[in-house]
>>> print(open('coords24.txt').read())   # compact mmCIF, C-alpha atoms
# COMPACT_ATOMS: atom_id res chain seq x y z
CA MET V 1 147.44 272.56 307.43
CA SER V 2 148.72 275.81 308.97
CA GLU V 3 146.66 277.82 311.42
CA ASN V 4 146.56 280.70 308.89
CA VAL V 5 145.15 278.52 306.11
CA SER V 6 142.51 276.86 308.28
CA ARG V 7 140.73 280.22 308.69
CA TYR V 8 139.46 280.05 305.10
CA ARG V 9 135.88 278.93 304.83
CA GLY V 10 133.45 279.23 301.94
CA ARG V 11 129.72 279.13 301.35
CA PHE V 12 128.69 276.58 298.78
CA LEU V 13 126.66 277.85 295.80
CA LEU V 14 124.61 275.39 293.77
CA GLU V 15 124.01 276.38 290.17
CA LYS V 16 121.23 275.05 287.99
CA ASP V 17 122.96 274.41 284.66
CA GLY V 18 125.20 277.44 285.03
CA VAL V 19 122.75 279.85 286.69
CA SER V 20 123.00 280.75 290.40
CA TRP V 21 120.17 278.99 292.19
CA LEU V 22 120.82 277.86 295.77
CA GLY V 23 123.33 279.31 298.19
CA GLY V 24 123.94 279.38 301.91
CA GLN V 25 121.20 281.83 302.96
CA ARG V 26 118.61 280.28 300.65
CA MET V 27 119.35 276.88 302.10
CA ASP V 28 119.21 278.29 305.63
CA LEU V 29 115.75 279.66 304.80
CA LEU V 30 114.54 276.29 303.49
CA GLU V 31 115.76 274.56 306.64
CA ALA V 32 114.08 277.19 308.82
CA ILE V 33 110.79 276.65 306.98
CA ALA V 34 111.07 272.92 307.58
CA GLU V 35 111.71 273.55 311.28
CA HIS V 36 109.11 276.25 312.00
CA GLY V 37 106.39 275.63 309.39
CA SER V 38 105.94 279.40 309.21
CA ILE V 39 107.43 281.91 306.79
CA THR V 40 107.31 284.61 309.47
CA GLU V 41 109.31 282.55 311.97
CA ALA V 42 111.66 281.27 309.28
CA ALA V 43 112.43 284.83 308.15
CA LYS V 44 113.22 285.84 311.73
CA ALA V 45 115.45 282.81 312.21
CA VAL V 46 117.68 283.63 309.21
CA GLY V 47 117.56 287.41 309.68
CA VAL V 48 115.65 288.51 306.58
CA SER V 49 112.43 290.44 306.12
CA TYR V 50 109.10 288.69 305.57
CA ARG V 51 108.89 290.12 302.06
CA GLY V 52 112.50 289.19 301.33
CA ALA V 53 111.81 285.62 302.39
CA TRP V 54 108.81 285.33 300.08
CA ASP V 55 110.77 286.88 297.20
CA THR V 56 113.46 284.25 297.71
CA ILE V 57 110.94 281.40 297.83
CA ASP V 58 109.18 282.65 294.70
CA ALA V 59 112.51 282.87 292.86
CA MET V 60 113.44 279.29 293.83
CA ASN V 61 110.04 277.91 292.84
CA ASN V 62 110.18 279.79 289.51
CA GLN V 63 113.57 278.29 288.71
CA CYS V 64 112.63 274.71 289.52
CA GLU V 65 110.51 272.22 287.57
CA GLN V 66 108.90 271.17 290.85
CA PRO V 67 108.16 273.60 293.72
CA LEU V 68 110.43 273.43 296.75
CA VAL V 69 108.02 275.22 299.09
CA GLU V 70 104.23 275.09 299.25
CA ARG V 71 101.57 276.94 301.19
CA VAL V 72 99.31 274.96 303.50
CA VAL V 73 95.76 276.25 303.84
CA GLY V 74 93.62 275.61 306.93
CA GLY V 75 94.35 273.03 309.57
CA ARG V 76 94.37 273.35 313.34
CA HIS V 77 96.88 276.21 313.24
CA GLY V 78 95.31 278.03 310.31
CA GLY V 79 97.79 276.97 307.65
CA GLY V 80 101.45 277.72 307.11
CA THR V 81 104.38 276.96 304.83
CA ARG V 82 106.28 273.71 304.35
CA LEU V 83 108.87 272.04 302.16
CA THR V 84 107.68 269.69 299.46
CA GLU V 85 109.26 266.24 299.20
CA HIS V 86 111.39 267.62 296.37
CA GLY V 87 112.52 270.45 298.64
CA GLN V 88 113.43 268.04 301.44
CA ARG V 89 115.53 265.93 299.09
CA LEU V 90 117.30 269.01 297.78
CA VAL V 91 118.25 270.19 301.27
CA LYS V 92 119.85 266.81 302.04
CA LEU V 93 121.71 266.81 298.73
CA PHE V 94 122.95 270.37 299.22
CA ARG V 95 124.32 269.72 302.70
CA ALA V 96 126.08 266.54 301.59
CA ILE V 97 127.79 268.31 298.68
CA GLU V 98 128.59 271.31 300.87
CA GLY V 99 130.72 269.11 303.12
CA ASP V 100 132.76 267.84 300.17
CA TYR V 101 133.09 271.41 298.89
CA GLN V 102 134.55 272.65 302.16
CA ARG V 103 137.10 269.86 302.21
CA ALA V 104 138.14 270.71 298.63
CA LEU V 105 138.38 274.42 299.52
CA SER V 106 140.62 273.64 302.47
CA THR V 107 142.96 271.74 300.16
CA LEU V 108 143.00 274.60 297.64
CA ALA V 109 143.70 277.16 300.37
CA GLY V 110 146.89 275.26 301.19
CA ASN V 111 148.49 277.27 298.39
CA LEU V 112 147.64 280.90 299.22
CA GLU V 113 148.78 282.20 295.81
CA ASP V 114 146.41 279.84 293.97
CA PHE V 115 143.62 280.70 296.39
CA ALA V 116 143.97 284.44 295.68
CA GLU V 117 143.66 283.73 291.94
CA PHE V 118 140.61 281.60 292.63
CA GLN V 119 138.96 284.51 294.47
CA ARG V 120 139.76 286.90 291.60
CA LEU V 121 138.11 284.63 289.04
CA LEU V 122 134.98 284.27 291.18
CA ARG V 123 134.58 288.05 291.32
CA LYS V 124 135.21 288.43 287.59
CA TYR V 125 132.60 285.94 286.48
CA SER V 126 129.86 286.72 289.01
CA LEU V 127 126.80 288.11 287.22
CA THR V 128 123.44 289.46 288.35
CA THR V 129 120.50 290.81 286.38
CA SER V 130 117.89 293.46 287.12
CA ALA V 131 115.10 291.48 285.43
CA ARG V 132 112.49 290.91 288.13
CA ASN V 133 110.97 287.91 286.35
CA GLN V 134 113.27 284.96 285.71
CA PHE V 135 111.98 281.55 284.67
CA SER V 136 113.63 278.36 283.54
CA GLY V 137 111.93 276.12 281.03
CA ARG V 138 112.30 273.89 278.00
CA ILE V 139 111.64 274.93 274.41
CA SER V 140 108.43 273.27 273.22
CA ALA V 141 108.25 274.73 269.70
CA ILE V 142 110.03 277.12 267.33
CA SER V 143 108.24 278.87 264.45
CA LEU V 144 110.64 280.40 261.93
CA GLY V 145 109.83 283.55 259.95
CA GLU V 146 111.86 285.53 257.43
CA VAL V 147 113.73 287.53 260.08
CA PHE V 148 112.38 286.49 263.48
CA ALA V 149 111.36 283.28 265.22
CA ASP V 150 108.67 282.59 267.83
CA VAL V 151 110.12 280.41 270.58
CA ARG V 152 107.69 278.73 272.98
CA ILE V 153 109.01 277.81 276.41
CA ARG V 154 107.20 275.33 278.65
CA LEU V 155 107.74 276.37 282.28
CA ASP V 156 105.75 273.50 283.79
CA ALA V 157 102.56 271.54 283.15
CA GLY V 158 100.36 274.63 283.45
CA ASN V 159 102.48 277.55 282.26
CA GLU V 160 104.01 278.41 278.90
CA LEU V 161 105.33 281.64 277.40
CA VAL V 162 106.63 282.78 274.02
CA ALA V 163 109.66 284.88 273.10
CA VAL V 164 110.56 286.53 269.80
CA VAL V 165 114.22 286.36 268.77
CA THR V 166 116.10 286.88 265.53
CA LEU V 167 117.03 283.95 263.31
CA GLN V 168 120.64 284.87 264.00
CA SER V 169 120.04 284.30 267.71
CA VAL V 170 118.40 280.94 266.96
CA ASP V 171 121.52 279.83 265.11
CA LYS V 172 124.03 281.36 267.53
CA MET V 173 122.34 279.89 270.60
CA GLU V 174 121.56 276.62 268.77
CA LEU V 175 117.95 276.81 269.93
CA LYS V 176 115.87 273.72 269.29
CA GLU V 177 112.93 271.86 270.78
CA GLY V 178 113.74 270.28 274.12
CA LYS V 179 116.60 272.64 274.93
CA GLU V 180 116.58 274.28 278.37
CA VAL V 181 116.69 278.08 278.49
CA TYR V 182 116.10 280.95 280.86
CA ALA V 183 113.38 283.50 280.06
CA LEU V 184 113.85 286.96 281.59
CA PHE V 185 111.69 290.09 281.44
CA LYS V 186 111.27 293.20 283.56
CA ALA V 187 108.30 293.77 285.85
CA GLY V 188 107.54 297.02 284.02
CA ALA V 189 106.78 295.05 280.86
CA VAL V 190 103.91 293.17 282.55
CA VAL V 191 100.38 294.57 282.22
CA LEU V 192 97.66 293.31 284.57
CA THR V 193 94.01 292.89 283.66
CA THR V 194 90.93 291.62 285.46
CA ALA V 195 89.04 291.05 282.19
CA GLN V 196 88.65 287.50 280.94
CA ASP V 197 89.15 288.39 277.26
CA PRO V 198 90.87 291.79 277.04
CA VAL V 199 90.94 293.38 273.60
CA ILE V 200 94.70 293.89 273.75
CA SER V 201 97.41 292.38 271.60
CA PHE V 202 99.81 290.48 273.84
CA GLU V 203 101.38 287.15 272.96
CA ASN V 204 101.74 286.07 276.58
CA ARG V 205 98.92 285.65 279.08
CA LEU V 206 99.53 284.01 282.48
CA CYS V 207 96.68 284.04 284.99
CA GLY V 208 96.51 283.60 288.74
CA LYS V 209 95.69 285.39 291.99
CA ILE V 210 97.45 288.38 293.48
CA GLY V 211 99.69 287.23 296.31
CA SER V 212 101.17 290.47 297.59
CA VAL V 213 100.90 294.21 297.01
CA GLN V 214 103.85 296.47 297.86
CA LYS V 215 103.19 300.21 297.47
CA SER V 216 105.98 302.79 297.14
CA LEU V 217 105.92 306.52 296.49
CA VAL V 218 104.88 306.29 292.82
CA TYR V 219 104.58 302.63 291.86
CA THR V 220 103.02 299.49 293.30
CA GLU V 221 104.66 296.07 292.93
CA ILE V 222 102.12 293.31 292.36
CA SER V 223 103.05 289.66 292.79
CA VAL V 224 100.77 287.21 290.95
CA ARG V 225 100.82 283.56 291.99
CA LEU V 226 100.43 281.15 289.08
CA MET V 227 99.95 277.39 288.96
CA GLY V 228 102.79 275.26 290.30
CA GLU V 229 103.81 277.86 292.89
CA LYS V 230 105.31 280.09 290.20
CA THR V 231 105.14 283.87 290.56
CA ILE V 232 105.16 286.75 288.10
CA VAL V 233 105.78 290.35 289.17
CA SER V 234 104.30 293.52 287.68
CA VAL V 235 104.88 297.19 288.51
CA VAL V 236 101.97 299.60 288.01
CA ASN V 237 101.26 303.22 288.86
CA ASN V 238 99.72 303.69 292.31
CA GLN V 239 96.65 305.43 290.90
CA VAL V 240 96.05 302.64 288.40
CA ALA V 241 96.43 300.01 291.13
CA GLU V 242 93.78 301.77 293.22
CA GLN V 243 91.41 302.22 290.30
CA MET V 244 91.66 298.53 289.40
CA GLY V 245 91.23 297.45 293.01
CA LEU V 246 94.39 295.32 292.95
CA VAL V 247 94.40 293.55 296.30
CA PRO V 248 95.62 290.13 297.51
CA GLY V 249 93.38 287.30 296.37
CA LEU V 250 92.05 289.07 293.26
CA GLN V 251 92.02 286.95 290.09
CA VAL V 252 94.09 288.66 287.37
CA CYS V 253 95.98 287.90 284.20
CA ALA V 254 99.52 289.08 283.49
CA LEU V 255 100.05 290.16 279.90
CA PHE V 256 103.38 290.88 278.20
CA ASN V 257 104.79 290.98 274.70
CA ALA V 258 107.02 288.22 273.37
CA ALA V 259 109.49 290.88 272.21
CA ASN V 260 110.13 291.81 275.86
CA VAL V 261 111.33 288.32 276.74
CA ILE V 262 115.10 287.76 276.67
CA LEU V 263 116.38 284.20 276.37
CA ALA V 264 119.57 282.98 278.03
CA LEU V 265 121.23 279.60 277.86
CA ILE V 266 121.55 277.50 281.01
>>> encode(input="coords24.txt", output="structure tokens")
Amino acid sequence: MSENVSRYRGRFLLEKDGVSWLGGQRMDLLEAIAEHGSITEAAKAVGVSYRGAWDTIDAMNNQCEQPLVERVVGGRHGGGTRLTEHGQRLVKLFRAIEGDYQRALSTLAGNLEDFAEFQRLLRKYSLTTSARNQFSGRISAISLGEVFADVRIRLDAGNELVAVVTLQSVDKMELKEGKEVYALFKAGAVVLTTAQDPVISFENRLCGKIGSVQKSLVYTEISVRLMGEKTIVSVVNNQVAEQMGLVPGLQVCALFNAANVILALI
């Protein structure tokens, strides 16, 4: 291989059934957590902010049937953060595949014309979404109406949500029980309540404790930690957040309409 070609190196990206899931920096963060046992130290090690590290961890846990990272409460050092057994296995798998990927990339780069086309296709088909809440799950039930269908998605053993889609979408996407899908909805669609039985009509109700509160000029971002290390994000007006006393540790429920949930195939 020529000296010019050998300069090409790539970062391996692992997709979960077609959706971007684990890449180089995410994997670096997981390895740093395993090494330091602290999210603060891990964030410093990989050069990201504390909040950015937690956002990344929450996203990975939300997109996985089993959590990759878990919080440890108490202990001699007052608790910390560690990889689950599933997370440890995934790190080993990723690094093994990454080595094969680099060898394949080096072979591809031997033809610089083909490699340039490869880069163009990667840019063309890269896609990101602004939806703050993204969950993967499996359809547990579909109730058909005259025009619309209620689609229930099981996220894990303790969390389920429902989406409303047209019958045309059911047919086009070939939705059926057992099929894996992605459920996406914006943080602004999520309403928080501290009442046990609010007199409000929402099809979806996921409860947990507030994990973090990030205040900006007008709005406050609230992160609610659910069962199974999953996280749902809501954005509320600063004044409302203060009136409700939304602080870390408070028990709340996140409410949102099924019509606000967009389904995507994975």
>>> residues_around(input="coords24.txt", residues="Val235 of chain V", least_positions_apart="5", cutoff="7 Å", atoms="all atoms listed in the file", output="PDB file with C-alpha atoms, in the frame of the given file")
ATOM      1  CA  ALA V 187     108.300 293.770 285.850  1.00  0.00           C
ATOM      2  CA  GLY V 188     107.540 297.020 284.020  1.00  0.00           C
ATOM      3  CA  TYR V 219     104.580 302.630 291.860  1.00  0.00           C
ATOM      4  CA  THR V 220     103.020 299.490 293.300  1.00  0.00           C
ATOM      5  CA  GLU V 221     104.660 296.070 292.930  1.00  0.00           C
ATOM      6  CA  ILE V 222     102.120 293.310 292.360  1.00  0.00           C
TER       7      ILE V 222
END
>>> residues_near_point(input="coords24.txt", point="(111.2, 293.8, 274.5)", cutoff="10 Å", atoms="all atoms listed in the file", output="CSV table (one decimal) with C-alpha atoms, in the coordinates of the input")
chain,number,residue,atom,x,y,z
V,163,ALA,CA,109.7,284.9,273.1
V,164,VAL,CA,110.6,286.5,269.8
V,165,VAL,CA,114.2,286.4,268.8
V,185,PHE,CA,111.7,290.1,281.4
V,186,LYS,CA,111.3,293.2,283.6
V,189,ALA,CA,106.8,295.0,280.9
V,256,PHE,CA,103.4,290.9,278.2
V,257,ASN,CA,104.8,291.0,274.7
V,258,ALA,CA,107.0,288.2,273.4
V,259,ALA,CA,109.5,290.9,272.2
V,260,ASN,CA,110.1,291.8,275.9
V,261,VAL,CA,111.3,288.3,276.7
V,262,ILE,CA,115.1,287.8,276.7
>>> residues_around(input="coords24.txt", residues="Gly158 of chain V", least_positions_apart="3", cutoff="8 Å", atoms="all atoms listed in the file", output="list in words")
Leu155, Met227 and Gly228 of chain V
>>> closest_residue(input="coords24.txt", among="V:Cys207, V:Val151, V:Val170, V:Ala34", to="Thr193 of chain V", atoms="all atoms listed in the file")
V:Cys207
>>> residues_around(input="coords24.txt", residues="Glu160 of chain V", least_positions_apart="4", cutoff="10 Å", atoms="all atoms listed in the file", output="PyMOL selection string")
chain V and resi 137-140+152-156+204-206
>>> closest_residue(input="coords24.txt", among="V:Thr194, V:Ser234, V:Ser201, V:Thr166", to="Val213 of chain V", atoms="all atoms listed in the file")
V:Ser234
>>> closest_residue(input="coords24.txt", among="V:Val218, V:Leu161, V:Val240, V:Val252", to="Leu192 of chain V", atoms="only C-alpha atoms")
V:Val252
>>> residues_around(input="coords24.txt", residues="Leu175 of chain V", least_positions_apart="6", cutoff="10 Å", atoms="only C-alpha atoms", output="list of chain:residue names")
V:Ile139, V:Ala141, V:Ile142, V:Val151, V:Leu167, V:Ser169, V:Val181, V:Leu263, V:Leu265
>>> atom_distance(input="coords24.txt", atom1="atom CA of Asn238 of chain V", atom2="atom CA of Leu217 of chain V")
8.0 Å
>>> atom_distance(input="coords24.txt", atom1="atom CA of Thr40 of chain V", atom2="atom CA of Val247 of chain V")
20.5 Å
>>> axis_aligned_box(input="coords24.txt", around="segment 201-207 of chain V", padding_each_side="6 Å", output="AutoDock Vina command-line options")
--center_x 99.2 --center_y 288.2 --center_z 278.3 --size_x 17.1 --size_y 20.4 --size_z 25.4
>>> residues_around(input="coords24.txt", residues="Val91 of chain V", least_positions_apart="2", cutoff="12 Å", atoms="all atoms listed in the file", output="JSON, numbers by chain")
{"V": [14, 22, 23, 24, 26, 27, 28, 29, 30, 31, 32, 33, 34, 68, 69, 83, 84, 85, 86, 87, 88, 89, 93, 94, 95, 96, 97, 98]}
>>> atom_distance(input="coords24.txt", atom1="atom CA of Asn62 of chain V", atom2="atom CA of Glu229 of chain V")
7.5 Å
>>> decode(input="coords24.txt", residues="segment 215-251 of chain V", atoms="N, CA and C atoms", output="PDB file, in the first residue's frame")
ATOM      1  N   LYS V 215     -31.671  25.030  33.091  1.00  0.00           N
ATOM      2  CA  LYS V 215     -32.427  26.263  32.861  1.00  0.00           C
ATOM      3  C   LYS V 215     -31.724  27.145  31.843  1.00  0.00           C
ATOM      4  N   SER V 216     -32.509  27.677  30.874  1.00  0.00           N
ATOM      5  CA  SER V 216     -31.991  28.638  29.909  1.00  0.00           C
ATOM      6  C   SER V 216     -32.722  29.958  30.104  1.00  0.00           C
ATOM      7  N   LEU V 217     -32.673  30.828  29.119  1.00  0.00           N
ATOM      8  CA  LEU V 217     -33.257  32.155  29.268  1.00  0.00           C
ATOM      9  C   LEU V 217     -34.764  32.112  29.456  1.00  0.00           C
ATOM     10  N   VAL V 218     -35.447  31.249  28.689  1.00  0.00           N
ATOM     11  CA  VAL V 218     -36.918  31.197  28.741  1.00  0.00           C
ATOM     12  C   VAL V 218     -37.434  29.833  29.201  1.00  0.00           C
ATOM     13  N   TYR V 219     -36.759  28.778  28.768  1.00  0.00           N
ATOM     14  CA  TYR V 219     -37.251  27.427  29.039  1.00  0.00           C
ATOM     15  C   TYR V 219     -36.286  26.627  29.918  1.00  0.00           C
ATOM     16  N   THR V 220     -36.854  25.625  30.574  1.00  0.00           N
ATOM     17  CA  THR V 220     -36.082  24.701  31.393  1.00  0.00           C
ATOM     18  C   THR V 220     -36.222  23.298  30.828  1.00  0.00           C
ATOM     19  N   GLU V 221     -35.094  22.625  30.626  1.00  0.00           N
ATOM     20  CA  GLU V 221     -35.115  21.239  30.146  1.00  0.00           C
ATOM     21  C   GLU V 221     -35.091  20.295  31.345  1.00  0.00           C
ATOM     22  N   ILE V 222     -36.081  19.440  31.417  1.00  0.00           N
ATOM     23  CA  ILE V 222     -36.219  18.494  32.523  1.00  0.00           C
ATOM     24  C   ILE V 222     -35.991  17.081  32.009  1.00  0.00           C
ATOM     25  N   SER V 223     -35.066  16.373  32.617  1.00  0.00           N
ATOM     26  CA  SER V 223     -34.800  14.981  32.269  1.00  0.00           C
ATOM     27  C   SER V 223     -35.393  14.075  33.346  1.00  0.00           C
ATOM     28  N   VAL V 224     -36.290  13.185  32.936  1.00  0.00           N
ATOM     29  CA  VAL V 224     -36.968  12.277  33.868  1.00  0.00           C
ATOM     30  C   VAL V 224     -36.440  10.863  33.667  1.00  0.00           C
ATOM     31  N   ARG V 225     -35.941  10.258  34.734  1.00  0.00           N
ATOM     32  CA  ARG V 225     -35.387   8.915  34.659  1.00  0.00           C
ATOM     33  C   ARG V 225     -36.478   7.889  34.959  1.00  0.00           C
ATOM     34  N   LEU V 226     -36.693   6.995  33.989  1.00  0.00           N
ATOM     35  CA  LEU V 226     -37.710   5.967  34.095  1.00  0.00           C
ATOM     36  C   LEU V 226     -37.073   4.658  34.556  1.00  0.00           C
ATOM     37  N   MET V 227     -37.884   3.617  34.606  1.00  0.00           N
ATOM     38  CA  MET V 227     -37.357   2.287  34.904  1.00  0.00           C
ATOM     39  C   MET V 227     -36.401   1.863  33.793  1.00  0.00           C
ATOM     40  N   GLY V 228     -35.501   0.950  34.117  1.00  0.00           N
ATOM     41  CA  GLY V 228     -34.596   0.391  33.123  1.00  0.00           C
ATOM     42  C   GLY V 228     -33.602   1.384  32.575  1.00  0.00           C
ATOM     43  N   GLU V 229     -33.292   2.434  33.346  1.00  0.00           N
ATOM     44  CA  GLU V 229     -32.316   3.447  32.959  1.00  0.00           C
ATOM     45  C   GLU V 229     -32.718   4.218  31.708  1.00  0.00           C
ATOM     46  N   LYS V 230     -33.995   4.235  31.375  1.00  0.00           N
ATOM     47  CA  LYS V 230     -34.458   5.023  30.251  1.00  0.00           C
ATOM     48  C   LYS V 230     -34.773   6.444  30.723  1.00  0.00           C
ATOM     49  N   THR V 231     -34.725   7.392  29.791  1.00  0.00           N
ATOM     50  CA  THR V 231     -34.881   8.799  30.128  1.00  0.00           C
ATOM     51  C   THR V 231     -35.798   9.478  29.126  1.00  0.00           C
ATOM     52  N   ILE V 232     -36.698  10.309  29.634  1.00  0.00           N
ATOM     53  CA  ILE V 232     -37.568  11.105  28.774  1.00  0.00           C
ATOM     54  C   ILE V 232     -37.332  12.575  29.104  1.00  0.00           C
ATOM     55  N   VAL V 233     -37.313  13.415  28.076  1.00  0.00           N
ATOM     56  CA  VAL V 233     -36.982  14.831  28.244  1.00  0.00           C
ATOM     57  C   VAL V 233     -38.190  15.708  27.944  1.00  0.00           C
ATOM     58  N   SER V 234     -38.405  16.699  28.789  1.00  0.00           N
ATOM     59  CA  SER V 234     -39.484  17.662  28.612  1.00  0.00           C
ATOM     60  C   SER V 234     -38.913  19.072  28.679  1.00  0.00           C
ATOM     61  N   VAL V 235     -39.531  19.997  27.963  1.00  0.00           N
ATOM     62  CA  VAL V 235     -39.151  21.405  28.008  1.00  0.00           C
ATOM     63  C   VAL V 235     -40.345  22.210  28.499  1.00  0.00           C
ATOM     64  N   VAL V 236     -40.167  22.959  29.596  1.00  0.00           N
ATOM     65  CA  VAL V 236     -41.251  23.749  30.169  1.00  0.00           C
ATOM     66  C   VAL V 236     -40.784  25.182  30.378  1.00  0.00           C
ATOM     67  N   ASN V 237     -41.726  26.087  30.483  1.00  0.00           N
ATOM     68  CA  ASN V 237     -41.431  27.487  30.747  1.00  0.00           C
ATOM     69  C   ASN V 237     -40.777  27.629  32.118  1.00  0.00           C
ATOM     70  N   ASN V 238     -39.816  28.524  32.235  1.00  0.00           N
ATOM     71  CA  ASN V 238     -39.102  28.706  33.501  1.00  0.00           C
ATOM     72  C   ASN V 238     -40.040  28.993  34.669  1.00  0.00           C
ATOM     73  N   GLN V 239     -41.030  29.845  34.431  1.00  0.00           N
ATOM     74  CA  GLN V 239     -41.953  30.204  35.502  1.00  0.00           C
ATOM     75  C   GLN V 239     -42.760  28.999  35.968  1.00  0.00           C
ATOM     76  N   VAL V 240     -43.186  28.187  35.006  1.00  0.00           N
ATOM     77  CA  VAL V 240     -43.940  26.977  35.348  1.00  0.00           C
ATOM     78  C   VAL V 240     -43.061  26.009  36.133  1.00  0.00           C
ATOM     79  N   ALA V 241     -41.813  25.859  35.713  1.00  0.00           N
ATOM     80  CA  ALA V 241     -40.890  24.956  36.412  1.00  0.00           C
ATOM     81  C   ALA V 241     -40.707  25.379  37.859  1.00  0.00           C
ATOM     82  N   GLU V 242     -40.612  26.690  38.097  1.00  0.00           N
ATOM     83  CA  GLU V 242     -40.458  27.186  39.466  1.00  0.00           C
ATOM     84  C   GLU V 242     -41.729  26.989  40.282  1.00  0.00           C
ATOM     85  N   GLN V 243     -42.878  27.256  39.670  1.00  0.00           N
ATOM     86  CA  GLN V 243     -44.147  27.094  40.370  1.00  0.00           C
ATOM     87  C   GLN V 243     -44.396  25.644  40.765  1.00  0.00           C
ATOM     88  N   MET V 244     -43.988  24.706  39.915  1.00  0.00           N
ATOM     89  CA  MET V 244     -44.186  23.291  40.189  1.00  0.00           C
ATOM     90  C   MET V 244     -43.109  22.720  41.111  1.00  0.00           C
ATOM     91  N   GLY V 245     -42.050  23.484  41.336  1.00  0.00           N
ATOM     92  CA  GLY V 245     -40.967  22.991  42.182  1.00  0.00           C
ATOM     93  C   GLY V 245     -40.233  21.824  41.558  1.00  0.00           C
ATOM     94  N   LEU V 246     -39.972  21.906  40.252  1.00  0.00           N
ATOM     95  CA  LEU V 246     -39.319  20.808  39.537  1.00  0.00           C
ATOM     96  C   LEU V 246     -37.831  20.807  39.841  1.00  0.00           C
ATOM     97  N   VAL V 247     -37.414  19.886  40.680  1.00  0.00           N
ATOM     98  CA  VAL V 247     -36.017  19.767  41.096  1.00  0.00           C
ATOM     99  C   VAL V 247     -35.603  18.303  41.011  1.00  0.00           C
ATOM    100  N   PRO V 248     -34.304  18.025  40.920  1.00  0.00           N
ATOM    101  CA  PRO V 248     -33.830  16.641  40.870  1.00  0.00           C
ATOM    102  C   PRO V 248     -34.348  15.816  42.042  1.00  0.00           C
ATOM    103  N   GLY V 249     -34.785  14.599  41.733  1.00  0.00           N
ATOM    104  CA  GLY V 249     -35.292  13.699  42.757  1.00  0.00           C
ATOM    105  C   GLY V 249     -36.799  13.714  42.913  1.00  0.00           C
ATOM    106  N   LEU V 250     -37.475  14.725  42.363  1.00  0.00           N
ATOM    107  CA  LEU V 250     -38.931  14.822  42.496  1.00  0.00           C
ATOM    108  C   LEU V 250     -39.615  13.765  41.634  1.00  0.00           C
ATOM    109  N   GLN V 251     -40.626  13.098  42.198  1.00  0.00           N
ATOM    110  CA  GLN V 251     -41.391  12.100  41.466  1.00  0.00           C
ATOM    111  C   GLN V 251     -42.393  12.801  40.550  1.00  0.00           C
TER     112      GLN V 251
END
